[in-house]
Amino acid sequence: MDISVNPSESALFDGDRLPAGRREAFQLKALRDFTLCLARARDFDESLRLALMVILGTLSIAKGALFLEEEGEYRACVSRGLPPGIPPLETSRELVATLRRSSRTVWLGRREVSGAIRKAVATIERSVPAFPVEFFCPLGTRNGSLGFLALGPALVDGAPTPSQRETLDVMTSILSGHISNHRVVSDIFRLNEVLRLQVGENERLLGGLREIYLDTIRALATAIEAKDPYTRGHSERVARISVSIARRLELPENEVQAIHIASILHDVGKIGTSHSILTKPSSLTVDETLEIRRHPQTSFEILSEIRFPYPDVPQLARDHHEWLDGTGYPNGKREHEISMGARIIALADAFDAMVSDRPYRNSLPLVTALGEIRSCLRRHYDPNVGRMFFQSLRSDLAGDPQEVSAFAGIRKNGSRADAIAFLDRSLQDLR
């Protein structure tokens, strides 16, 4: 990028002797170079160095420094033609107020320069004797003062021309906006980092609270399952399978968490079921069947008294024995009346019951249980839910290292190869 200024062209500022057209063309070229140096700089510091170079070159000035407000003082962040180590200038109430009121370049040759500016210039000149300040340019926005430019005398004699002062005012205005935008962006990055750290801490605390919450839920489910030693661990196994299916279906996270909680608590209503019925080793009578079929509704009534952080937990627990063909219980719901979460829990619950020992029968071989599930798809169980269930189980049986097992603790009686072959055929049919 060419930011040099032809010395011969700077004569337009020496009494504005150039024709008006050439003066305007040079002024536009200077402003173009100035905006380009800000836009194309590799970083903020380089943009300030280039900006100062363009300003000095445009006005035929050899020395200058850019002071920015930092921590209660004005620091020379970039300079040209001056020795390094310019001391910072302490802010004063008068100087800050003066800079906030003015956005125009101050020529020190004028008589009506404010006392605060003359005092600041005198301090700079005492600190840097080789730096006679000729121009003092406030940098600021509506939100306050950002700093100022201190520029030495021009290499040509005479008072600054209107074109010279107008160009300098435009440049300082552009520079003020550039500095202000940088500070806003820096503040946003800083606040984003603070927010990121706070979010991380909140997530850690929330994770701890979630674990405490889940531990409480699990403790409740364990207390209920203690009535029936045959179902110990059943709710936790159903929850793992249900969550695996829900994630494969790409359900929203709040729905996945609702399914997780409802799976753990789906049998909470059995707290009101007679122990003798739960452990009866023979077929149930009609009355006993009616009593045990009341437990989903009882689960709903119990869970409806709890404010869960996830949606529809009581309804999911109530509907986990509903089937697509309307032959389930407690309400005989059909098809679209049954939520996806309830369909998931229904299949997971049925599968775990099949491969677990019960008082009235031993666990079924894995392929037999899968055959039962396969034969009931579209009648009792949702085919999409069945497909995701088969995929998850197949990954588990194949030892997929990318999968977190949802089937830990599940009995897998029979040939693993036979089960995988059955699953492959079923998945082919369900495409």
# chains A, B, ... in the order shown; residues from 1 in each chain; ligands from 1

$ select_by_dssp --residues "segment 102-312 of chain A" --states "alpha helix (DSSP H)" --output "VMD selection string"
chain A and resid 115 to 127 162 to 225 234 to 248 253 to 265 275 to 278 286 to 292 295 to 303

$ write_last_selection --atoms "C-alpha atoms" --output "compact mmCIF listing (two decimals), in the first residue's frame"
# COMPACT_ATOMS: atom_id res chain seq x y z
CA GLY A 115 -5.33 26.86 29.35
CA ALA A 116 -5.74 23.07 29.81
CA ILE A 117 -4.38 22.36 26.32
CA ARG A 118 -1.49 24.83 26.71
CA LYS A 119 -0.60 23.21 30.04
CA ALA A 120 -0.65 19.73 28.46
CA VAL A 121 1.51 20.89 25.55
CA ALA A 122 3.97 22.55 27.91
CA THR A 123 4.31 19.29 29.84
CA ILE A 124 5.01 17.37 26.62
CA GLU A 125 7.57 19.91 25.44
CA ARG A 126 9.38 19.80 28.81
CA SER A 127 9.52 16.00 28.61
CA PRO A 162 -8.40 25.84 5.62
CA SER A 163 -7.73 22.79 3.42
CA GLN A 164 -5.03 21.61 5.79
CA ARG A 165 -7.23 21.92 8.87
CA GLU A 166 -10.24 20.42 7.14
CA THR A 167 -8.25 17.37 6.01
CA LEU A 168 -6.73 16.94 9.46
CA ASP A 169 -10.16 17.17 11.13
CA VAL A 170 -11.55 14.50 8.82
CA MET A 171 -8.59 12.22 9.45
CA THR A 172 -8.79 12.59 13.23
CA SER A 173 -12.53 11.93 13.09
CA ILE A 174 -11.94 8.70 11.14
CA LEU A 175 -9.12 7.74 13.51
CA SER A 176 -11.35 8.38 16.53
CA GLY A 177 -13.98 6.03 15.14
CA HIS A 178 -11.32 3.40 14.42
CA ILE A 179 -9.95 3.54 17.98
CA SER A 180 -13.41 3.54 19.51
CA ASN A 181 -14.48 0.52 17.45
CA HIS A 182 -11.32 -1.34 18.46
CA ARG A 183 -12.03 -0.69 22.11
CA VAL A 184 -15.62 -1.83 21.77
CA VAL A 185 -14.49 -5.04 20.07
CA SER A 186 -11.81 -5.56 22.73
CA ASP A 187 -14.39 -5.08 25.46
CA ILE A 188 -16.70 -7.56 23.75
CA PHE A 189 -13.89 -10.15 23.53
CA ARG A 190 -13.00 -9.55 27.17
CA LEU A 191 -16.61 -9.83 28.28
CA ASN A 192 -17.07 -12.92 26.12
CA GLU A 193 -14.11 -14.54 27.85
CA VAL A 194 -15.51 -13.65 31.26
CA LEU A 195 -18.88 -14.97 30.14
CA ARG A 196 -17.29 -18.16 28.77
CA LEU A 197 -15.57 -18.81 32.08
CA GLN A 198 -18.78 -18.10 33.97
CA VAL A 199 -20.79 -20.35 31.67
CA GLY A 200 -18.22 -23.10 32.22
CA GLU A 201 -18.52 -22.69 35.97
CA ASN A 202 -22.32 -22.64 35.75
CA GLU A 203 -22.26 -25.79 33.62
CA ARG A 204 -20.04 -27.47 36.19
CA LEU A 205 -22.38 -26.50 39.01
CA LEU A 206 -25.42 -27.45 36.95
CA GLY A 207 -23.81 -30.79 36.15
CA GLY A 208 -23.30 -31.39 39.86
CA LEU A 209 -26.91 -30.46 40.60
CA ARG A 210 -28.10 -32.71 37.77
CA GLU A 211 -26.17 -35.64 39.21
CA ILE A 212 -27.64 -35.00 42.66
CA TYR A 213 -31.08 -34.78 41.06
CA LEU A 214 -30.58 -38.02 39.13
CA ASP A 215 -29.21 -39.76 42.21
CA THR A 216 -32.36 -38.77 44.08
CA ILE A 217 -34.54 -40.07 41.25
CA ARG A 218 -32.57 -43.32 41.13
CA ALA A 219 -32.86 -43.73 44.90
CA LEU A 220 -36.64 -43.41 44.60
CA ALA A 221 -36.76 -45.99 41.80
CA THR A 222 -34.54 -48.35 43.80
CA ALA A 223 -36.82 -48.03 46.82
CA ILE A 224 -39.80 -48.99 44.67
CA GLU A 225 -37.98 -51.91 43.03
CA HIS A 234 -34.94 -52.71 35.61
CA SER A 235 -35.68 -48.96 35.58
CA GLU A 236 -32.03 -47.99 35.14
CA ARG A 237 -31.61 -50.44 32.26
CA VAL A 238 -34.78 -49.18 30.57
CA ALA A 239 -33.50 -45.61 30.97
CA ARG A 240 -30.17 -46.37 29.25
CA ILE A 241 -31.87 -48.10 26.32
CA SER A 242 -34.48 -45.34 26.00
CA VAL A 243 -31.89 -42.56 25.97
CA SER A 244 -29.85 -44.43 23.33
CA ILE A 245 -32.91 -44.71 21.07
CA ALA A 246 -33.90 -41.07 21.67
CA ARG A 247 -30.44 -39.80 20.73
CA ARG A 248 -30.37 -41.91 17.57
CA GLU A 253 -32.08 -32.55 24.38
CA ASN A 254 -34.89 -31.51 26.72
CA GLU A 255 -37.02 -34.36 25.34
CA VAL A 256 -34.13 -36.79 25.79
CA GLN A 257 -33.79 -35.74 29.42
CA ALA A 258 -37.55 -36.05 29.96
CA ILE A 259 -37.43 -39.58 28.55
CA HIS A 260 -34.47 -40.35 30.82
CA ILE A 261 -36.32 -39.27 33.97
CA ALA A 262 -39.63 -40.86 32.93
CA SER A 263 -37.83 -44.13 32.17
CA ILE A 264 -36.35 -44.25 35.65
CA LEU A 265 -39.70 -43.47 37.27
CA HIS A 275 -46.34 -57.26 46.94
CA SER A 276 -48.04 -60.62 46.50
CA ILE A 277 -49.11 -59.68 42.98
CA LEU A 278 -45.66 -58.41 42.00
CA VAL A 286 -58.57 -60.94 36.23
CA ASP A 287 -58.72 -58.75 39.35
CA GLU A 288 -54.97 -58.98 39.87
CA THR A 289 -54.39 -58.03 36.24
CA LEU A 290 -56.65 -55.00 36.63
CA GLU A 291 -54.76 -53.95 39.77
CA ILE A 292 -51.34 -54.15 38.15
CA HIS A 295 -49.83 -48.64 38.04
CA PRO A 296 -49.23 -46.35 34.98
CA GLN A 297 -52.11 -44.10 36.04
CA THR A 298 -50.85 -44.15 39.63
CA SER A 299 -47.40 -43.18 38.33
CA PHE A 300 -48.98 -40.24 36.51
CA GLU A 301 -50.81 -39.08 39.65
CA ILE A 302 -47.69 -39.28 41.80
CA LEU A 303 -45.40 -37.59 39.28

$ select_by_dssp --residues "segment 80-269 of chain A" --states "strand (DSSP E)" --output "PyMOL selection string"
chain A and resi 80+89-90+106-107+135-141+144-151

$ write_last_selection --atoms "N, CA and C atoms" --output "mmCIF file, in the first residue's frame"
data_model
loop_
_atom_site.group_PDB
_atom_site.id
_atom_site.type_symbol
_atom_site.label_atom_id
_atom_site.label_comp_id
_atom_site.auth_asym_id
_atom_site.auth_seq_id
_atom_site.Cartn_x
_atom_site.Cartn_y
_atom_site.Cartn_z
ATOM 1 N N ARG A 80 6.623 9.330 15.855
ATOM 2 C CA ARG A 80 7.499 9.339 14.674
ATOM 3 C C ARG A 80 8.371 10.586 14.736
ATOM 4 N N LEU A 89 1.279 11.392 30.154
ATOM 5 C CA LEU A 89 0.740 12.667 30.623
ATOM 6 C C LEU A 89 -0.448 12.379 31.532
ATOM 7 N N GLU A 90 -0.391 12.876 32.746
ATOM 8 C CA GLU A 90 -1.497 12.635 33.677
ATOM 9 C C GLU A 90 -2.737 13.392 33.215
ATOM 10 N N VAL A 106 -6.620 22.009 17.089
ATOM 11 C CA VAL A 106 -6.199 23.269 17.714
ATOM 12 C C VAL A 106 -4.803 23.628 17.193
ATOM 13 N N TRP A 107 -4.679 24.813 16.619
ATOM 14 C CA TRP A 107 -3.361 25.315 16.179
ATOM 15 C C TRP A 107 -2.800 26.168 17.302
ATOM 16 N N PHE A 135 0.345 21.424 16.453
ATOM 17 C CA PHE A 135 -1.070 21.061 16.303
ATOM 18 C C PHE A 135 -1.461 20.101 17.436
ATOM 19 N N PHE A 136 -2.618 20.337 17.996
ATOM 20 C CA PHE A 136 -3.161 19.478 19.062
ATOM 21 C C PHE A 136 -4.546 19.017 18.596
ATOM 22 N N CYS A 137 -4.674 17.711 18.357
ATOM 23 C CA CYS A 137 -5.906 17.194 17.741
ATOM 24 C C CYS A 137 -6.637 16.262 18.724
ATOM 25 N N PRO A 138 -7.767 16.681 19.285
ATOM 26 C CA PRO A 138 -8.518 15.806 20.187
ATOM 27 C C PRO A 138 -9.055 14.580 19.450
ATOM 28 N N LEU A 139 -9.023 13.450 20.097
ATOM 29 C CA LEU A 139 -9.603 12.205 19.579
ATOM 30 C C LEU A 139 -10.712 11.776 20.528
ATOM 31 N N GLY A 140 -11.895 11.629 19.989
ATOM 32 C CA GLY A 140 -12.998 11.234 20.859
ATOM 33 C C GLY A 140 -14.270 10.975 20.086
ATOM 34 N N THR A 141 -15.252 10.461 20.796
ATOM 35 C CA THR A 141 -16.574 10.200 20.237
ATOM 36 C C THR A 141 -17.607 10.799 21.182
ATOM 37 N N GLY A 144 -17.014 10.109 24.888
ATOM 38 C CA GLY A 144 -15.948 10.691 25.681
ATOM 39 C C GLY A 144 -14.633 10.765 24.947
ATOM 40 N N SER A 145 -13.599 11.215 25.667
ATOM 41 C CA SER A 145 -12.274 11.418 25.100
ATOM 42 C C SER A 145 -11.514 10.106 25.023
ATOM 43 N N LEU A 146 -10.814 9.897 23.892
ATOM 44 C CA LEU A 146 -9.968 8.727 23.711
ATOM 45 C C LEU A 146 -8.493 9.077 23.838
ATOM 46 N N GLY A 147 -8.161 10.331 23.565
ATOM 47 C CA GLY A 147 -6.777 10.768 23.595
ATOM 48 C C GLY A 147 -6.581 11.967 22.692
ATOM 49 N N PHE A 148 -5.377 12.100 22.136
ATOM 50 C CA PHE A 148 -5.123 13.238 21.247
ATOM 51 C C PHE A 148 -3.879 12.970 20.416
ATOM 52 N N LEU A 149 -3.772 13.714 19.327
ATOM 53 C CA LEU A 149 -2.579 13.734 18.488
ATOM 54 C C LEU A 149 -1.815 15.019 18.789
ATOM 55 N N ALA A 150 -0.519 14.909 19.004
ATOM 56 C CA ALA A 150 0.354 16.078 19.135
ATOM 57 C C ALA A 150 1.296 16.071 17.941
ATOM 58 N N LEU A 151 1.232 17.143 17.123
ATOM 59 C CA LEU A 151 2.013 17.193 15.887
ATOM 60 C C LEU A 151 2.948 18.392 15.911
#

$ atom_distance --atom1 "atom CA of Asp396 of chain A" --atom2 "atom CA of Val268 of chain A"
28.7 Å

$ closest_residue --among "A:Ser415, A:Asp357, A:Arg425, A:Glu250" --to "Met388 of chain A" --atoms "only C-alpha atoms"
A:Glu250

$ residues_around --residues "Ser356 of chain A" --least-positions-apart "5" --cutoff "12 Å" --atoms "only C-alpha atoms" --output "PyMOL selection string"
chain A and resi 229-234+237-238+349-351+361-366+369+409-413

$ write_last_selection --atoms "C-alpha atoms" --output "PDB file, in the first residue's frame"
ATOM      1  CA  PRO A 229     -36.407 -58.455  43.708  1.00  0.00           C
ATOM      2  CA  TYR A 230     -37.022 -59.676  40.141  1.00  0.00           C
ATOM      3  CA  THR A 231     -37.107 -56.114  38.787  1.00  0.00           C
ATOM      4  CA  ARG A 232     -34.066 -54.755  40.610  1.00  0.00           C
ATOM      5  CA  GLY A 233     -32.134 -52.528  38.170  1.00  0.00           C
ATOM      6  CA  HIS A 234     -34.941 -52.706  35.610  1.00  0.00           C
ATOM      7  CA  ARG A 237     -31.607 -50.444  32.257  1.00  0.00           C
ATOM      8  CA  VAL A 238     -34.783 -49.177  30.568  1.00  0.00           C
ATOM      9  CA  ASP A 349     -39.468 -51.665  28.924  1.00  0.00           C
ATOM     10  CA  ALA A 350     -40.833 -54.667  27.015  1.00  0.00           C
ATOM     11  CA  PHE A 351     -37.387 -55.775  25.853  1.00  0.00           C
ATOM     12  CA  ARG A 361     -40.883 -67.514  33.871  1.00  0.00           C
ATOM     13  CA  ASN A 362     -37.185 -67.470  33.138  1.00  0.00           C
ATOM     14  CA  SER A 363     -35.586 -64.885  30.859  1.00  0.00           C
ATOM     15  CA  LEU A 364     -36.014 -65.398  27.125  1.00  0.00           C
ATOM     16  CA  PRO A 365     -33.027 -66.038  24.829  1.00  0.00           C
ATOM     17  CA  LEU A 366     -31.916 -62.855  23.116  1.00  0.00           C
ATOM     18  CA  ALA A 369     -36.897 -61.638  22.568  1.00  0.00           C
ATOM     19  CA  GLY A 409     -26.419 -55.599  32.663  1.00  0.00           C
ATOM     20  CA  ILE A 410     -28.761 -56.947  29.969  1.00  0.00           C
ATOM     21  CA  ARG A 411     -28.747 -60.727  29.595  1.00  0.00           C
ATOM     22  CA  LYS A 412     -27.710 -61.728  26.111  1.00  0.00           C
ATOM     23  CA  ASN A 413     -28.380 -65.467  26.237  1.00  0.00           C
TER      24      ASN A 413
END

$ atom_distance --atom1 "atom CA of Ile338 of chain A" --atom2 "atom CA of Thr285 of chain A"
28.0 Å

$ residues_around --residues "Arg431 of chain A" --least-positions-apart "6" --cutoff "12 Å" --atoms "only C-alpha atoms" --output "list in words"
Pro383, Asn384, Gly386, Arg387, Met388, Phe390, Gln391, Asp424 and Arg425 of chain A

$ write_last_selection --atoms "C-alpha atoms" --output "short mmCIF file (atom, residue, chain, number, x, y, z; two decimals), in the first residue's frame"
data_model
loop_
_atom_site.label_atom_id
_atom_site.label_comp_id
_atom_site.auth_asym_id
_atom_site.auth_seq_id
_atom_site.Cartn_x
_atom_site.Cartn_y
_atom_site.Cartn_z
CA PRO A 383 -41.07 -49.16 13.51
CA ASN A 384 -38.67 -46.18 13.63
CA GLY A 386 -37.57 -50.45 16.57
CA ARG A 387 -35.03 -49.64 13.87
CA MET A 388 -33.02 -47.39 16.21
CA PHE A 390 -31.88 -52.70 16.60
CA GLN A 391 -29.06 -50.38 15.45
CA ASP A 424 -29.01 -57.34 10.11
CA ARG A 425 -32.01 -59.00 8.46
#

$ closest_residue --among "A:Glu46, A:Leu423, A:Asp352, A:Thr105" --to "Ala408 of chain A" --atoms "only C-alpha atoms"
A:Asp352

$ closest_residue --among "A:Leu324, A:Arg142, A:Ala25, A:Ala30" --to "Cys376 of chain A" --atoms "only C-alpha atoms"
A:Leu324
